[in-house]
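Chemist: File name my_file-v6.cif; file contents mmCIF, C-alpha atoms; full text below.
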```
data_run
loop_
_atom_site.label_atom_id
_atom_site.label_comp_id
_atom_site.auth_asym_id
_atom_site.auth_seq_id
_atom_site.Cartn_x
_atom_site.Cartn_y
_atom_site.Cartn_z
CA MET D 265 0.00 0.00 0.00
CA ARG D 266 2.73 2.40 0.98
CA SER D 267 4.78 1.79 -2.19
CA SER D 268 1.83 2.53 -4.50
CA ARG D 269 1.04 5.73 -2.59
CA CYS D 270 4.71 6.78 -2.66
CA SER D 271 5.08 6.11 -6.40
CA TRP D 272 1.89 8.07 -7.07
CA LEU D 273 3.29 10.96 -5.01
CA TRP D 274 6.61 10.91 -6.89
CA GLY D 275 4.71 10.85 -10.18
CA LEU D 276 2.73 13.90 -9.08
CA VAL D 277 5.91 15.71 -8.01
CA GLY D 278 7.55 14.87 -11.35
CA ALA D 279 4.53 16.07 -13.31
CA CYS D 280 4.47 19.36 -11.37
CA ALA D 281 8.19 19.86 -11.97
CA MET D 282 7.70 19.22 -15.71
CA VAL D 283 4.83 21.70 -15.92
CA ALA D 284 6.77 24.33 -14.00
CA SER D 285 9.85 23.98 -16.21
CA CYS D 286 7.87 24.12 -19.45
CA ALA D 287 5.59 26.96 -18.39
CA THR D 288 8.33 29.56 -17.91
CA THR D 289 9.59 31.67 -20.79
CA PRO D 290 13.29 32.00 -21.45
CA LYS D 291 14.79 35.18 -20.07
CA ALA D 292 15.75 37.75 -22.69
CA THR D 293 19.38 38.73 -22.81
CA GLU D 294 20.40 42.35 -22.85
CA SER D 295 21.72 42.20 -26.39
CA SER D 296 18.45 40.85 -27.82
CA ALA D 297 16.38 43.37 -25.85
CA ARG D 298 18.38 46.32 -27.18
CA ARG D 299 18.62 45.11 -30.78
CA GLN D 300 16.50 47.04 -33.25
CA LYS D 301 14.55 45.20 -35.88
CA ASP D 302 15.81 45.39 -39.43
CA SER D 303 13.83 47.43 -41.91
CA ALA D 304 12.47 45.81 -45.06
CA PRO D 305 15.25 47.13 -47.34
CA GLU D 306 17.88 45.90 -44.88
CA LYS D 307 16.29 42.44 -44.82
CA ILE D 308 16.21 42.30 -48.61
CA ALA D 309 19.85 43.40 -48.83
CA ALA D 310 20.91 40.78 -46.28
CA GLN D 311 19.06 38.02 -48.11
CA ARG D 312 20.56 39.04 -51.43
CA ALA D 313 24.06 39.21 -49.94
CA GLY D 314 23.65 35.74 -48.46
CA ALA D 315 22.36 34.21 -51.69
CA ALA D 316 24.63 32.12 -53.87
CA HIS D 317 26.31 34.11 -56.63
CA GLU D 318 25.25 31.65 -59.31
CA LEU D 319 21.66 32.84 -58.86
CA GLN D 320 22.48 35.98 -60.93
CA LEU D 321 19.95 38.12 -59.10
CA GLU D 322 21.09 41.39 -60.65
CA GLN D 323 20.58 40.09 -64.20
CA ASP D 324 17.13 38.81 -63.29
CA ASP D 325 16.22 42.18 -61.78
CA GLU D 326 17.28 43.96 -64.95
CA ARG D 327 15.47 41.45 -67.14
CA TRP D 328 12.18 41.69 -65.30
CA GLY D 329 12.39 45.39 -64.47
CA ILE D 330 12.17 44.96 -60.71
CA GLU D 331 14.09 48.14 -59.89
CA ALA D 332 11.98 50.12 -62.37
CA ALA D 333 8.80 48.75 -60.77
CA ARG D 334 10.06 49.74 -57.32
CA GLU D 335 10.79 53.26 -58.54
CA ARG D 336 7.32 53.55 -60.11
CA LYS D 337 5.72 52.33 -56.86
CA ARG D 338 7.74 54.86 -54.85
CA GLN D 339 6.66 57.68 -57.17
CA GLN D 340 3.02 56.61 -56.95
CA ASP D 341 3.22 56.53 -53.15
CA GLU D 342 4.73 60.02 -53.12
CA ALA D 343 2.00 61.32 -55.43
CA LYS D 344 -0.70 59.82 -53.19
CA ALA D 345 0.92 61.36 -50.13
CA ARG D 346 0.90 64.78 -51.79
CA GLN D 347 -2.75 64.43 -52.84
CA GLN D 348 -3.98 63.16 -49.49
CA PRO D 349 -3.38 66.39 -47.49
CA ALA D 350 -5.17 68.35 -50.22
CA ALA D 351 -8.20 66.07 -49.88
CA GLY D 352 -8.04 66.45 -46.10
CA ASP D 353 -8.72 70.21 -46.34
CA LYS D 354 -12.39 69.62 -47.13
CA SER D 355 -14.57 70.49 -44.19
CA VAL D 356 -17.93 68.97 -43.40
CA ASP D 357 -20.70 70.98 -41.79
CA VAL D 358 -22.82 69.01 -39.38
CA LYS D 359 -26.24 70.48 -38.72
CA PRO D 360 -28.59 69.20 -36.06
CA PRO D 361 -31.92 67.86 -37.33
CA ALA D 362 -34.82 70.28 -37.38
CA ALA D 363 -37.06 70.10 -34.31
CA ARG D 364 -40.71 69.23 -34.91
#
```
Please express what this file holds, its structure, as structure tokens.

Modeler:
Amino acid sequence: MRSSRCSWLWGLVGACAMVASCATTPKATESSARRQKDSAPEKIAAQRAGAAHELQLEQDDERWGIEAARERKRQQDEAKARQQPAAGDKSVDVKPPAAR
């Protein structure tokens, strides 16, 4: 009787220890807490720099006009940004409904 109760108790202690060890999150180090996230252009540049040179990414970009498309997109975004403040100048008059 005592051995079955003792083994059950040790099983419970082991299960609690497992839950406690898995439930905690790893502590962040100072270097990872201070590190800034990379911007999208930095990520792209890092991926391209790490790619194998036989991929010929620059030739593919020229062939498919990727840089030209990026420039057109940037110009369109700038044009939208210039137009948006002009559209924001419109004022709206709110009148209360007429009383009956």

Chemist: Figure out the distance between CA of Gln339 (chain D) and CA of Glu326 (chain D), please, to one decimal in Å.

Modeler: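 For CA of Glu326 (chain D) relative to CA of Gln339 (chain D), the distance reads 19.0 Å.
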
Chemist: May I ask for the distance between CA of Leu321 (chain D) and CA of Arg299 (chain D), given in Å to one decimal place?

Modeler: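 If I compute the distance from CA of Leu321 (chain D) to CA of Arg299 (chain D), I get 29.2 Å.
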
Chemist: Report as AutoDock Vina command-line options the centre and the edge lengths, in Å to one decimal, of the axis-aligned box holding every listed atom of region 306-312 of chain D, padded by 4 Å on each side.

Modeler:
```
--center_x 18.6 --center_y 42.0 --center_z -48.1 --size_x 12.7 --size_y 15.9 --size_z 14.6
```

Chemist: Just to confirm, what's the straight-line distance from CA of Ala333 (chain D) to CA of Ala309 (chain D) in Å (one decimal)?

Modeler: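 Straight-line distance from CA of Ala333 (chain D) to CA of Ala309 (chain D) works out to 17.1 Å.
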
Chemist: Please supply region 298-319 of chain D, rebuilt with N, CA, C and O atoms, as a compact mmCIF listing (two decimals), in the coordinates of the input.

Modeler:
```txt
# COMPACT_ATOMS: atom_id res chain seq x y z
N ARG D 298 17.98 45.03 -26.63
CA ARG D 298 18.38 46.32 -27.18
C ARG D 298 18.43 46.33 -28.70
O ARG D 298 18.47 47.38 -29.31
N ARG D 299 18.45 45.19 -29.33
CA ARG D 299 18.62 45.11 -30.78
C ARG D 299 17.38 45.64 -31.49
O ARG D 299 16.26 45.26 -31.18
N GLN D 300 17.61 46.51 -32.47
CA GLN D 300 16.50 47.04 -33.25
C GLN D 300 16.19 46.07 -34.38
O GLN D 300 17.07 45.39 -34.90
N LYS D 301 14.95 46.06 -34.78
CA LYS D 301 14.55 45.20 -35.88
C LYS D 301 15.02 45.80 -37.19
O LYS D 301 15.04 47.01 -37.35
N ASP D 302 15.36 44.93 -38.13
CA ASP D 302 15.81 45.39 -39.43
C ASP D 302 14.63 45.89 -40.25
O ASP D 302 13.53 45.35 -40.18
N SER D 303 14.88 46.93 -41.03
CA SER D 303 13.83 47.43 -41.91
C SER D 303 13.74 46.51 -43.12
O SER D 303 14.61 45.67 -43.36
N ALA D 304 12.68 46.68 -43.91
CA ALA D 304 12.47 45.81 -45.06
C ALA D 304 13.63 45.89 -46.06
O ALA D 304 14.11 44.85 -46.52
N PRO D 305 14.12 47.09 -46.41
CA PRO D 305 15.25 47.13 -47.34
C PRO D 305 16.50 46.45 -46.78
O PRO D 305 17.25 45.81 -47.53
N GLU D 306 16.72 46.56 -45.47
CA GLU D 306 17.88 45.90 -44.88
C GLU D 306 17.73 44.38 -44.94
O GLU D 306 18.70 43.66 -45.17
N LYS D 307 16.52 43.88 -44.74
CA LYS D 307 16.29 42.44 -44.82
C LYS D 307 16.54 41.94 -46.24
O LYS D 307 17.16 40.90 -46.44
N ILE D 308 16.03 42.69 -47.22
CA ILE D 308 16.21 42.30 -48.61
C ILE D 308 17.70 42.28 -48.96
O ILE D 308 18.20 41.36 -49.60
N ALA D 309 18.42 43.33 -48.54
CA ALA D 309 19.85 43.40 -48.83
C ALA D 309 20.61 42.24 -48.18
O ALA D 309 21.50 41.65 -48.80
N ALA D 310 20.25 41.89 -46.96
CA ALA D 310 20.91 40.78 -46.28
C ALA D 310 20.63 39.45 -46.97
O ALA D 310 21.52 38.62 -47.12
N GLN D 311 19.40 39.25 -47.42
CA GLN D 311 19.06 38.02 -48.11
C GLN D 311 19.79 37.91 -49.45
O GLN D 311 20.26 36.85 -49.84
N ARG D 312 19.87 39.04 -50.14
CA ARG D 312 20.56 39.04 -51.43
C ARG D 312 22.06 38.81 -51.23
O ARG D 312 22.70 38.14 -52.04
N ALA D 313 22.63 39.38 -50.19
CA ALA D 313 24.06 39.21 -49.94
C ALA D 313 24.36 37.76 -49.54
O ALA D 313 25.43 37.24 -49.87
N GLY D 314 23.44 37.12 -48.88
CA GLY D 314 23.65 35.74 -48.46
C GLY D 314 23.33 34.72 -49.53
O GLY D 314 23.64 33.53 -49.38
N ALA D 315 22.73 35.14 -50.63
CA ALA D 315 22.36 34.21 -51.69
C ALA D 315 23.60 33.78 -52.46
O ALA D 315 24.60 34.49 -52.53
N ALA D 316 23.51 32.62 -53.06
CA ALA D 316 24.63 32.12 -53.87
C ALA D 316 24.80 32.99 -55.10
O ALA D 316 23.83 33.50 -55.67
N HIS D 317 26.04 33.21 -55.50
CA HIS D 317 26.31 34.11 -56.63
C HIS D 317 25.85 33.53 -57.96
O HIS D 317 25.64 34.27 -58.91
N GLU D 318 25.69 32.23 -58.05
CA GLU D 318 25.25 31.65 -59.31
C GLU D 318 23.77 31.91 -59.59
O GLU D 318 23.27 31.58 -60.65
N LEU D 319 23.07 32.53 -58.64
CA LEU D 319 21.66 32.84 -58.86
C LEU D 319 21.48 34.00 -59.84
O LEU D 319 20.42 34.16 -60.43
```
